[in-house]
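**Q** If it helps, the file is called input_27.cif and holds mmCIF, C-alpha atoms:
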data_input
loop_
_atom_site.label_atom_id
_atom_site.label_comp_id
_atom_site.auth_asym_id
_atom_site.auth_seq_id
_atom_site.Cartn_x
_atom_site.Cartn_y
_atom_site.Cartn_z
CA MET F 1 209.51 66.73 137.94
CA ARG F 2 209.69 64.87 134.68
CA PRO F 3 212.54 66.00 132.55
CA VAL F 4 211.57 68.02 129.67
CA GLY F 5 212.49 67.42 126.06
CA ARG F 6 214.27 64.12 126.77
CA PRO F 7 213.24 60.51 126.52
CA GLN F 8 211.47 59.55 129.70
CA ARG F 9 213.26 57.31 132.12
CA PRO F 10 211.48 55.63 134.97
CA THR F 11 212.25 57.10 138.36
CA GLN F 12 213.44 54.27 140.55
CA THR F 13 212.13 54.08 144.04
CA SER F 14 213.74 53.67 147.40
CA VAL F 15 213.56 53.71 151.15
CA THR F 16 212.10 51.63 153.98
CA ARG F 17 211.98 48.15 155.27
CA GLY F 18 214.64 47.85 157.86
CA ALA F 19 218.30 47.58 158.66
CA PRO F 20 220.13 47.25 161.94
CA PRO F 21 220.69 50.72 163.44
CA ASP F 22 224.42 50.60 162.78
CA ALA F 23 224.04 49.53 159.16
CA CYS F 24 225.09 52.96 157.90
CA ALA F 25 228.42 52.77 159.70
CA GLY F 26 231.13 51.93 157.23
CA VAL F 27 229.06 52.85 154.21
CA ARG F 28 231.17 54.04 151.31
CA VAL F 29 229.68 55.96 148.40
CA ARG F 30 231.67 55.78 145.17
CA PRO F 31 231.15 56.01 141.40
CA VAL F 32 229.64 52.92 139.81
CA GLU F 33 231.92 50.33 138.22
CA PRO F 34 231.04 47.78 135.55
CA GLY F 35 231.33 44.99 138.12
CA ASP F 36 228.43 46.53 140.11
CA LEU F 37 225.90 46.00 137.37
CA ASP F 38 224.64 42.54 138.33
CA ARG F 39 223.99 43.74 141.87
CA ILE F 40 222.25 46.90 140.64
CA ILE F 41 220.04 44.86 138.32
CA ALA F 42 219.19 42.54 141.22
CA ILE F 43 218.33 45.39 143.63
CA ASP F 44 216.19 47.07 141.00
CA ALA F 45 214.43 43.80 140.16
CA GLU F 46 213.81 43.11 143.86
CA VAL F 47 212.18 46.50 144.33
CA THR F 48 210.30 46.91 141.06
CA GLY F 49 209.64 43.28 140.22
CA ILE F 50 211.02 43.79 136.71
CA GLU F 51 214.49 42.76 135.58
CA LYS F 52 215.73 45.35 133.10
CA VAL F 53 219.12 44.10 131.98
CA ASP F 54 219.36 46.11 128.75
CA TYR F 55 218.20 49.27 130.46
CA TRP F 56 220.91 49.05 133.14
CA TYR F 57 223.66 48.30 130.61
CA GLU F 58 222.57 51.40 128.72
CA MET F 59 222.55 53.44 131.98
CA LEU F 60 226.04 52.24 132.80
CA HIS F 61 227.19 53.19 129.34
CA ARG F 62 225.66 56.66 129.51
CA TYR F 63 226.22 57.57 133.13
CA GLY F 64 228.88 55.25 134.42
CA SER F 65 232.11 56.56 132.98
CA ARG F 66 234.37 58.22 135.48
CA GLY F 67 235.32 61.77 134.75
CA ARG F 68 231.92 62.89 133.52
CA GLN F 69 231.20 66.43 134.56
CA GLN F 70 227.43 66.44 134.47
CA ARG F 71 226.28 62.82 134.82
CA PHE F 72 226.55 60.89 138.06
CA PHE F 73 225.93 57.25 138.85
CA LEU F 74 226.95 56.45 142.42
CA VAL F 75 226.68 53.33 144.54
CA ALA F 76 226.70 52.75 148.30
CA GLU F 77 228.75 49.87 149.55
CA ALA F 78 228.73 48.33 153.04
CA ASN F 79 230.13 45.04 154.31
CA ARG F 80 231.76 44.60 150.89
CA SER F 81 228.34 44.47 149.33
CA LEU F 82 226.43 46.96 147.23
CA GLN F 83 223.44 48.32 149.17
CA GLY F 84 222.04 51.01 146.89
CA PHE F 85 222.61 53.44 144.09
CA ILE F 86 221.63 56.86 142.83
CA ILE F 87 221.69 58.38 139.34
CA GLY F 88 221.36 61.96 138.24
CA GLU F 89 222.63 64.62 135.92
CA VAL F 90 222.80 68.33 135.38
CA ARG F 91 220.22 69.45 132.87
CA ASP F 92 220.49 72.78 131.17
CA TRP F 93 217.71 75.14 130.20
CA GLU F 94 214.91 72.65 129.91
CA PHE F 95 211.68 74.61 129.60
CA GLY F 96 213.57 77.76 130.46
CA SER F 97 214.89 76.44 133.75
CA ALA F 98 218.41 77.41 134.70
CA PRO F 99 220.79 74.43 134.95
CA SER F 100 219.79 72.18 137.82
CA GLY F 101 220.63 68.78 139.20
CA TRP F 102 218.14 66.02 138.45
CA VAL F 103 217.88 62.84 140.46
CA PHE F 104 216.03 60.28 138.39
CA GLY F 105 216.96 57.05 140.07
CA ILE F 106 217.56 56.04 143.67
CA ASN F 107 217.25 52.65 145.27
CA VAL F 108 218.34 50.98 148.48
CA ARG F 109 218.06 47.24 149.19
CA PRO F 110 214.89 46.76 151.24
CA GLU F 111 216.83 45.04 154.04
CA ALA F 112 219.30 47.91 154.24
CA ARG F 113 216.76 50.69 154.53
CA LEU F 114 216.12 53.02 157.48
CA ALA F 115 219.83 53.19 158.10
CA GLY F 116 220.67 56.43 156.34
CA ILE F 117 222.05 54.88 153.14
CA GLY F 118 219.59 56.77 150.93
CA THR F 119 220.59 59.94 152.74
CA ARG F 120 224.28 59.24 152.14
CA LEU F 121 223.60 58.70 148.44
CA LEU F 122 221.52 61.85 148.14
CA GLU F 123 224.14 63.91 149.97
CA ALA F 124 226.87 62.53 147.72
CA ILE F 125 225.09 63.34 144.48
CA THR F 126 224.10 66.74 145.84
CA GLU F 127 227.78 67.43 146.38
CA CYS F 128 228.49 66.37 142.79
CA PHE F 129 225.82 68.80 141.58
CA ARG F 130 227.25 71.55 143.75
CA ARG F 131 230.69 71.00 142.27
CA ALA F 132 229.12 71.08 138.81
CA GLY F 133 227.95 74.60 139.62
CA VAL F 134 224.20 74.20 140.02
CA SER F 135 222.21 75.50 142.94
CA SER F 136 219.04 73.39 142.89
CA VAL F 137 218.20 69.69 142.81
CA ARG F 138 214.98 68.23 141.42
CA THR F 139 213.29 64.93 140.99
CA LEU F 140 210.01 63.52 139.69
CA LEU F 141 207.86 61.06 141.59
CA ALA F 142 204.67 59.13 141.19
CA ARG F 143 202.02 60.95 143.22
CA ASP F 144 201.21 57.80 145.15
CA ASN F 145 204.81 57.03 146.05
CA HIS F 146 204.42 58.44 149.55
CA LEU F 147 207.47 56.68 150.86
CA LEU F 148 209.92 58.18 148.42
CA MET F 149 208.19 61.55 148.49
CA SER F 150 208.54 61.58 152.29
CA PHE F 151 212.21 60.73 151.91
CA PHE F 152 212.90 63.64 149.57
CA ARG F 153 210.76 66.01 151.60
CA SER F 154 212.59 65.07 154.77
CA HIS F 155 215.67 66.40 153.05
CA GLY F 156 214.00 69.73 152.43
CA MET F 157 212.61 69.26 148.93
CA MET F 158 209.45 71.21 148.19
CA ALA F 159 207.18 71.33 145.14
CA ALA F 160 209.07 72.62 142.11
CA PRO F 161 207.66 75.41 139.96
CA PHE F 162 206.59 72.92 137.29
CA ILE F 163 203.63 70.66 136.72
CA ALA F 164 203.99 67.30 135.03
CA LEU F 165 201.38 66.70 132.33
CA GLU F 166 200.60 63.77 130.09
CA TYR F 167 197.94 62.35 127.86
CA ASP F 168 197.15 58.92 126.54
CA LEU F 169 197.87 58.24 122.89
CA GLU F 170 194.77 56.66 121.47
CA MET L 171 190.65 72.27 149.37
CA LYS L 172 190.22 74.22 152.57
CA LEU L 173 190.76 72.46 155.85
CA GLN L 174 188.29 72.95 158.66
CA LYS L 175 189.25 75.17 161.54
CA SER L 176 189.49 72.23 163.97
CA THR L 177 191.96 70.53 161.64
CA ARG L 178 194.10 73.61 161.35
CA ILE L 179 194.08 74.08 165.13
CA ALA L 180 195.06 70.42 165.52
CA LEU L 181 198.01 70.79 163.15
CA CYS L 182 199.28 73.89 164.96
CA SER L 183 198.81 72.29 168.40
CA ILE L 184 200.54 69.07 167.55
CA LEU L 185 203.46 70.88 165.97
CA GLU L 186 203.77 73.03 169.09
CA ALA L 187 203.90 69.91 171.23
CA ALA L 188 206.16 67.96 168.87
CA THR L 189 208.77 70.74 168.87
CA ASP L 190 209.92 69.39 172.23
CA PRO L 191 208.22 66.13 173.26
CA SER L 192 209.74 66.34 176.74
CA ARG L 193 207.97 69.63 177.42
CA GLN L 194 204.37 70.11 178.54
CA VAL L 195 202.62 72.76 176.47
CA SER L 196 199.73 74.54 178.13
CA ALA L 197 196.47 74.83 176.25
CA ALA L 198 196.31 78.49 177.25
CA SER L 199 199.61 79.26 175.56
CA ILE L 200 198.49 77.55 172.34
CA ALA L 201 195.14 79.35 172.41
CA ASP L 202 196.88 82.65 172.97
CA LYS L 203 199.55 82.13 170.33
CA TYR L 204 197.14 81.08 167.58
CA GLY L 205 194.20 83.24 168.63
CA VAL L 206 191.75 80.38 168.99
CA SER L 207 189.01 79.87 171.54
CA PRO L 208 190.16 77.82 174.57
CA HIS L 209 186.91 75.86 174.38
CA HIS L 210 187.44 74.89 170.75
CA LEU L 211 191.09 74.07 171.42
CA ALA L 212 190.17 71.84 174.38
CA LYS L 213 187.90 69.78 172.14
CA VAL L 214 190.63 69.43 169.53
CA LEU L 215 193.22 68.41 172.13
CA ARG L 216 190.84 65.82 173.54
CA GLN L 217 190.51 64.29 170.08
CA LEU L 218 194.28 64.27 169.63
CA GLY L 219 194.55 62.63 173.06
CA ARG L 220 192.04 59.93 172.13
CA ALA L 221 194.10 59.25 169.00
CA GLY L 222 197.16 58.76 171.19
CA LEU L 223 199.05 61.68 169.73
CA VAL L 224 199.18 63.83 172.89
CA GLU L 225 199.10 63.03 176.60
CA SER L 226 197.62 65.43 179.08
CA ALA L 227 198.77 66.16 182.59
CA ARG L 228 196.58 68.01 185.08
CA GLY L 229 197.56 70.41 187.82
CA VAL L 230 200.19 73.09 188.15
CA GLY L 231 202.60 72.92 185.24
CA GLY L 232 200.22 70.59 183.48
CA GLY L 233 199.52 70.66 179.81
CA TYR L 234 199.94 68.51 176.78
CA ARG L 235 202.90 66.48 175.66
CA PHE L 236 203.44 64.97 172.21
CA SER L 237 203.29 61.18 172.39
CA GLY L 238 203.42 60.17 168.73
CA ASN L 239 206.30 59.32 166.42
CA ALA L 240 207.24 62.52 164.60
CA LYS L 241 209.21 60.62 161.96
CA ARG L 242 206.23 58.48 161.03
CA LEU L 243 203.22 60.68 161.67
CA THR L 244 202.17 62.60 158.56
CA LEU L 245 199.99 65.67 158.23
CA MET L 246 197.42 63.41 156.59
CA ASP L 247 197.31 61.19 159.68
CA VAL L 248 196.34 64.23 161.75
CA ILE L 249 193.88 65.54 159.19
CA ASP L 250 192.18 62.14 158.99
CA ILE L 251 191.23 62.42 162.66
CA PHE L 252 189.16 65.53 162.02
CA GLU L 253 187.82 65.30 158.50
CA ASP L 254 187.58 63.07 155.50
CA ILE L 255 189.35 64.51 152.52
CA ALA L 256 189.51 61.19 150.68
CA ALA L 257 188.89 61.17 146.95
CA THR L 258 185.25 62.05 146.46
CA PRO L 259 184.26 63.30 143.04
CA ALA L 260 181.71 66.05 143.33
CA GLU L 261 178.72 64.00 142.42
CA GLY L 262 176.28 62.91 145.08
CA GLY L 263 173.12 64.91 144.88
CA ASP L 264 174.75 67.89 143.19
CA LYS L 265 172.63 68.97 140.27
CA GLU L 266 175.62 70.52 138.52
CA TYR L 267 177.26 67.12 138.23
CA ALA L 268 174.36 65.91 136.13
CA THR L 269 175.02 68.59 133.53
CA ASP L 270 177.39 68.31 130.60
CA VAL L 271 180.02 70.57 132.24
CA GLY L 272 179.80 69.08 135.72
CA PRO L 273 181.98 66.01 135.16
CA ALA L 274 184.74 68.07 133.53
CA ILE L 275 184.80 70.58 136.39
CA SER L 276 184.72 67.73 138.85
CA ARG L 277 187.72 66.15 137.16
CA VAL L 278 189.78 69.33 137.50
CA PHE L 279 188.88 69.66 141.19
CA ALA L 280 189.76 66.00 141.72
CA GLU L 281 193.20 66.61 140.19
CA ILE L 282 193.84 69.49 142.58
CA ASP L 283 192.65 67.47 145.56
CA GLU L 284 194.76 64.46 144.65
CA THR L 285 197.87 66.62 144.62
CA ALA L 286 196.93 68.11 147.98
CA ARG L 287 196.39 64.69 149.52
CA ALA L 288 199.70 63.40 148.16
CA THR L 289 201.40 66.40 149.72
CA PHE L 290 199.78 65.87 153.12
CA ARG L 291 200.66 62.17 153.03
CA SER L 292 204.31 62.82 152.25
CA ILE L 293 205.06 65.35 154.97
CA THR L 294 205.84 63.99 158.42
CA LEU L 295 205.86 66.09 161.57
CA ALA L 296 209.66 65.72 161.67
CA THR L 297 209.84 67.24 158.18
CA MET L 298 207.50 70.04 159.26
CA LEU L 299 209.68 70.80 162.28
CA LYS L 300 212.70 71.07 160.00
CA LEU L 301 210.73 73.36 157.72
CA ILE L 302 209.68 75.55 160.65
CA ALA L 303 213.30 75.83 161.81
CA ARG L 304 214.38 76.71 158.28
CA GLU L 305 211.71 79.41 157.96
CA GLN L 306 212.80 80.85 161.32
CA ARG L 307 216.43 80.98 160.18
CA THR L 308 215.38 82.68 156.94
CA ALA L 309 213.30 85.24 158.85
CA GLN L 310 216.18 85.95 161.25
CA HIS L 311 218.59 86.30 158.36
CA SER L 312 216.26 88.71 156.56
CA LYS L 313 215.87 90.76 159.74
CA ALA L 314 219.61 90.91 160.27
CA THR L 315 220.16 91.90 156.64
CA ALA L 316 217.54 94.63 156.89
CA ARG L 317 219.06 95.88 160.16
CA ASN L 318 222.53 96.02 158.63
CA ALA L 319 221.16 97.88 155.64
CA LEU L 320 219.77 100.67 157.84
CA PRO L 321 221.83 103.84 158.02
CA ALA L 322 223.76 104.11 161.30
CA ARG L 323 221.81 107.25 162.16
CA VAL L 324 218.54 105.28 162.26
CA LEU L 325 220.04 102.64 164.51
CA GLY L 326 221.00 105.42 166.90
#
Mind turning the file's structure into structure tokens?
**A**
Amino acid sequence: MRPVGRPQRPTQTSVTRGAPPDACAGVRVRPVEPGDLDRIIAIDAEVTGIEKVDYWYEMLHRYGSRGRQQRFFLVAEANRSLQGFIIGEVRDWEFGSAPSGWVFGINVRPEARLAGIGTRLLEAITECFRRAGVSSVRTLLARDNHLLMSFFRSHGMMAAPFIALEYDLE
Amino acid sequence: MKLQKSTRIALCSILEAATDPSRQVSAASIADKYGVSPHHLAKVLRQLGRAGLVESARGVGGGYRFSGNAKRLTLMDVIDIFEDIAATPAEGGDKEYATDVGPAISRVFAEIDETARATFRSITLATMLKLIAREQRTAQHSKATARNALPARVLG
């Protein structure tokens, strides 16, 4: 579900292509560090086809500092290399909704997919949300992004009690 | 959007079979459980068999076994075998579409249908099986809670 009352950020996409079955072994999920940024920009550019350097510097600035209570930017590392990332935050009382965890970015290197890395990232951020005291997690997806929608649904997500609306500015 | 009866029978049947792919499920037990005609069910199962989603075994202990990939097969894949719910604006020969209100109504219906299709495409059988298990746990929990809430006298 698109966040309400905040500037819109693109939801990053994730999931399949293919990794060896044991690729998830030895995966470590940790908070992002400034040194991860080049790799994050590269993964994002590989998946979306657009290199957004300024955007990711801004995301690191806003979500990357350790010790934040409500904003989380995590990365998954395996074989000493960054394989994916997830970003989210707790949002309070948007459109009357009780505080909830929002995932608005998740991405896994195409070659590292189907190995449970996305699942590890989602579980990790869910734990962060739980510790922050919220009891629900939401996201917003393009309707035709079947892959990512399947991923979130496989983790038990169902339609939220909101409908995303938009109109074109003429 | 309302799915045809054959489609709904197919979804129930394939979920029954996919619950345990090593087990043969008898057509009679599916027909009995879902209250559908054995004749209608047989036709549906034949179609699922032709699509390679179930295998049938004859004789004593025979039945149907799921032969698809539950992690890849979506509800839409099953629906597609039985009916076409692809995007089709309500035009065709409909006279109402030729009126000034027709296109607007059609657009609203299309929006609803697009959401339904996206939902069907995003839910795999594996996800459905998890959902079924979750619903069962919730139902059991509610029953247990209700039982515990009853006065001891009622429980005898």
**Q** Please identify every residue of chain L that has at least one atom no more than 12 Å from any atom of chain F, counting only C-alpha atoms, and report them as JSON, numbers by chain.
**A** {"L": [240, 241, 242, 243, 244, 245, 246, 281, 282, 283, 284, 285, 286, 287, 288, 289, 290, 291, 292, 293, 294, 295, 296, 297, 298, 299, 300, 301, 302, 303, 304, 305]}
**Q** Please indicate the distance in Å from CA of Ala78 in chain F to CA of Ala112 in chain F, rounded to one decimal place.
**A**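 Computing the Euclidean distance for CA of Ala78 in chain F and CA of Ala112 in chain F yields 9.5 Å.
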**Q** Quick one: apply the PyMOL selection byres ((chain F and resi 87) around 8) to the file and drop the selected residues here as a short mmCIF file (atom, residue, chain, number, x, y, z; two decimals) with C-alpha atoms, in the coordinates of the input.
**A**
data_model
loop_
_atom_site.label_atom_id
_atom_site.label_comp_id
_atom_site.auth_asym_id
_atom_site.auth_seq_id
_atom_site.Cartn_x
_atom_site.Cartn_y
_atom_site.Cartn_z
CA TYR F 63 226.22 57.57 133.13
CA ARG F 71 226.28 62.82 134.82
CA PHE F 72 226.55 60.89 138.06
CA PHE F 73 225.93 57.25 138.85
CA LEU F 74 226.95 56.45 142.42
CA PHE F 85 222.61 53.44 144.09
CA ILE F 86 221.63 56.86 142.83
CA GLY F 88 221.36 61.96 138.24
CA GLU F 89 222.63 64.62 135.92
CA VAL F 103 217.88 62.84 140.46
CA PHE F 104 216.03 60.28 138.39
CA GLY F 105 216.96 57.05 140.07
CA ILE F 106 217.56 56.04 143.67
CA ILE F 125 225.09 63.34 144.48
#
**Q** Hey, can you check how far CA of Phe95 in chain F sits from CA of Pro161 in chain F?
**A** 11.1 Å
**Q** What does the PyMOL selection byres ((chain L and resi 193) around 12) select in this file, as a list in words?
**A**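 This file gives the following for the PyMOL selection byres ((chain L and resi 193) around 12): Glu186, Ala187, Ala188, Thr189, Asp190, Pro191, Ser192, Gln194, Val195, Ser196, Val224, Glu225, Ser226, Ala227, Gly231, Gly232, Gly233, Tyr234, Arg235, Phe236 and Ser237 of chain L.
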**Q** Which polymer residues, protein or nucleic acid, are no farther than 10 Å from (222.4, 67.2, 132.2), counting only C-alpha atoms, as a VMD selection string?
**A** chain F and resid 3 69 to 72 88 to 94 99 to 102
